[in-house]
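Right, one structure below, let's go through it.
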Amino acid sequence: KSGFIGIIGRPNVGKSTLMNQLVGQKIAITSPVAQTTRNRLRGILTTPEAQLIFVDTPGIHKPHHQLGEVLVKNAKIAIESVDVVLFVVDGSTICGTGDRYIAELLTRSETPVILGVNKIDQQPKDSQIIDDSYTELAQSYKWQTGKFSAKTATGLPELQDLLIEHL
Ligand code: GDP
Ligand code: MG
């Protein structure tokens with residue numbers, strides 16, 4: 001099995017960190033500053049069962065200026081040109097309007113989507129409201145969900161299996 005996986009999500013949710021962890025190399029540029037990743041970067045993960053080619057994308061947000069529009073346009077192209085979309089969200093905060101904007105964008109394409117709830121290492125003690133917000137999102141679009149920390153690598157083997165299942 002082999003295929004392309006597009007890593008999509010708001011700026012700063014940890015898309016580049018995730019790709020670097022999965023691929024085991026510092027390819028994507030990670031930064032606390034939003035929009036470091038202006039061009040799509042690729043990383044390849046080879047396992048005994050599959051070859052996964054990850055496409056890191058710039059963060060999607062509602063365009064407020066021309067650069068934003070270009071980024072959204074590129075993200076749309078990325079969605080159409082991959083086999084699976086990994087929609088990454090920030091699990092340390094509640095699901096927001098930025099996430100819902102992307103969710104709507106994703107439903108306009110036929111590409112299968114997996115919801116990736118990242119930063120679980122940073123969840124506050126009472127994270128029930130946060131968990132519920134993403135469970136509700138996943139249920140309304142019938143998406144399968146992976147929960148993980150790109151920083152500590154917790155949950156990444158399970159995420160890999162889930163992605164391979166969808167290829
Ligand atoms: P991107 O804009 O979605 O590509 O996000 P980056 O990968 O550049 O990460 C944005 C910030 O979030 C950086 O400061 C990362 O170190 C941090 N980050 C990414 N993943 C995690 C995670 O799993 N846990 C925590 N605590 N921080 C993370
Ligand atoms: Mg990035």
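Going by the structure tokens order, chains are called A, B, ..., each with residues numbered from 1, while ligands are numbered from 1 in the order shown.
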**DSSP-assigned strand (DSSP E or B) among segment 9-158 of chain A, expressed as a ChimeraX atom specification** = /A:9,41-46,51-56,84-90,113-118,144-147
Could those residues be written to a file, using C-alpha atoms, as a PDB file, in the first residue's frame?
ATOM      1  CA  GLY A   9      -5.426  22.459   9.669  1.00  0.00           C
ATOM      2  CA  LEU A  41       6.695  20.076   1.978  1.00  0.00           C
ATOM      3  CA  ARG A  42       6.812  16.309   1.631  1.00  0.00           C
ATOM      4  CA  GLY A  43       8.064  13.570   3.889  1.00  0.00           C
ATOM      5  CA  ILE A  44       8.053   9.825   3.296  1.00  0.00           C
ATOM      6  CA  LEU A  45       7.417   7.174   5.950  1.00  0.00           C
ATOM      7  CA  THR A  46       8.144   3.586   4.969  1.00  0.00           C
ATOM      8  CA  GLN A  51       4.628   3.815   2.219  1.00  0.00           C
ATOM      9  CA  LEU A  52       3.043   7.054   3.376  1.00  0.00           C
ATOM     10  CA  ILE A  53       3.913  10.279   1.628  1.00  0.00           C
ATOM     11  CA  PHE A  54       2.977  13.228   3.827  1.00  0.00           C
ATOM     12  CA  VAL A  55       2.256  16.621   2.350  1.00  0.00           C
ATOM     13  CA  ASP A  56       2.625  19.415   4.895  1.00  0.00           C
ATOM     14  CA  VAL A  84      -6.400  10.914   2.593  1.00  0.00           C
ATOM     15  CA  VAL A  85      -6.669  14.183   4.503  1.00  0.00           C
ATOM     16  CA  LEU A  86      -5.389  14.283   8.066  1.00  0.00           C
ATOM     17  CA  PHE A  87      -7.269  17.238   9.552  1.00  0.00           C
ATOM     18  CA  VAL A  88      -5.196  18.321  12.556  1.00  0.00           C
ATOM     19  CA  VAL A  89      -6.757  20.300  15.403  1.00  0.00           C
ATOM     20  CA  ASP A  90      -5.372  21.628  18.688  1.00  0.00           C
ATOM     21  CA  VAL A 113     -10.796  12.676   6.167  1.00  0.00           C
ATOM     22  CA  ILE A 114      -9.335  11.574   9.492  1.00  0.00           C
ATOM     23  CA  LEU A 115      -9.586  13.988  12.402  1.00  0.00           C
ATOM     24  CA  GLY A 116      -6.276  14.279  14.261  1.00  0.00           C
ATOM     25  CA  VAL A 117      -6.552  15.741  17.760  1.00  0.00           C
ATOM     26  CA  ASN A 118      -3.036  16.907  18.631  1.00  0.00           C
ATOM     27  CA  GLN A 144     -12.679   8.622  12.482  1.00  0.00           C
ATOM     28  CA  THR A 145     -10.486  10.253  15.096  1.00  0.00           C
ATOM     29  CA  GLY A 146      -6.898   9.822  16.245  1.00  0.00           C
ATOM     30  CA  LYS A 147      -5.656  11.479  19.449  1.00  0.00           C
TER      31      LYS A 147
END
**Item:** Residue nearest Leu137 of chain A among A:Ser149, A:Ser109, A:Thr97, A:Gln123 (counting only C-alpha atoms)
**Value:**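 Answer, going by the shortest atom-to-atom distance: A:Thr97.
Within segment 65-105 of chain A, DSSP run on the backbone puts these residues in helix (DSSP H, G or I): Gln66, Leu67, Gly68, Glu69, Val70, Leu71, Val72, Lys73, Asn74, Ala75, Lys76, Ile77, Ala78, Ile79, Glu80, Thr97, Gly98, Asp99, Arg100, Tyr101, Ile102, Ala103, Glu104 and Leu105 of chain A.
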**Prompt:** Between A:Thr57, A:Ser127, A:Ser140, A:Asn20, which has the minimum distance to Ala103 of chain A (counting only C-alpha atoms)?
**Reply:**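 Among the listed residues, A:Ser140 lies closest to Ala103 of chain A.
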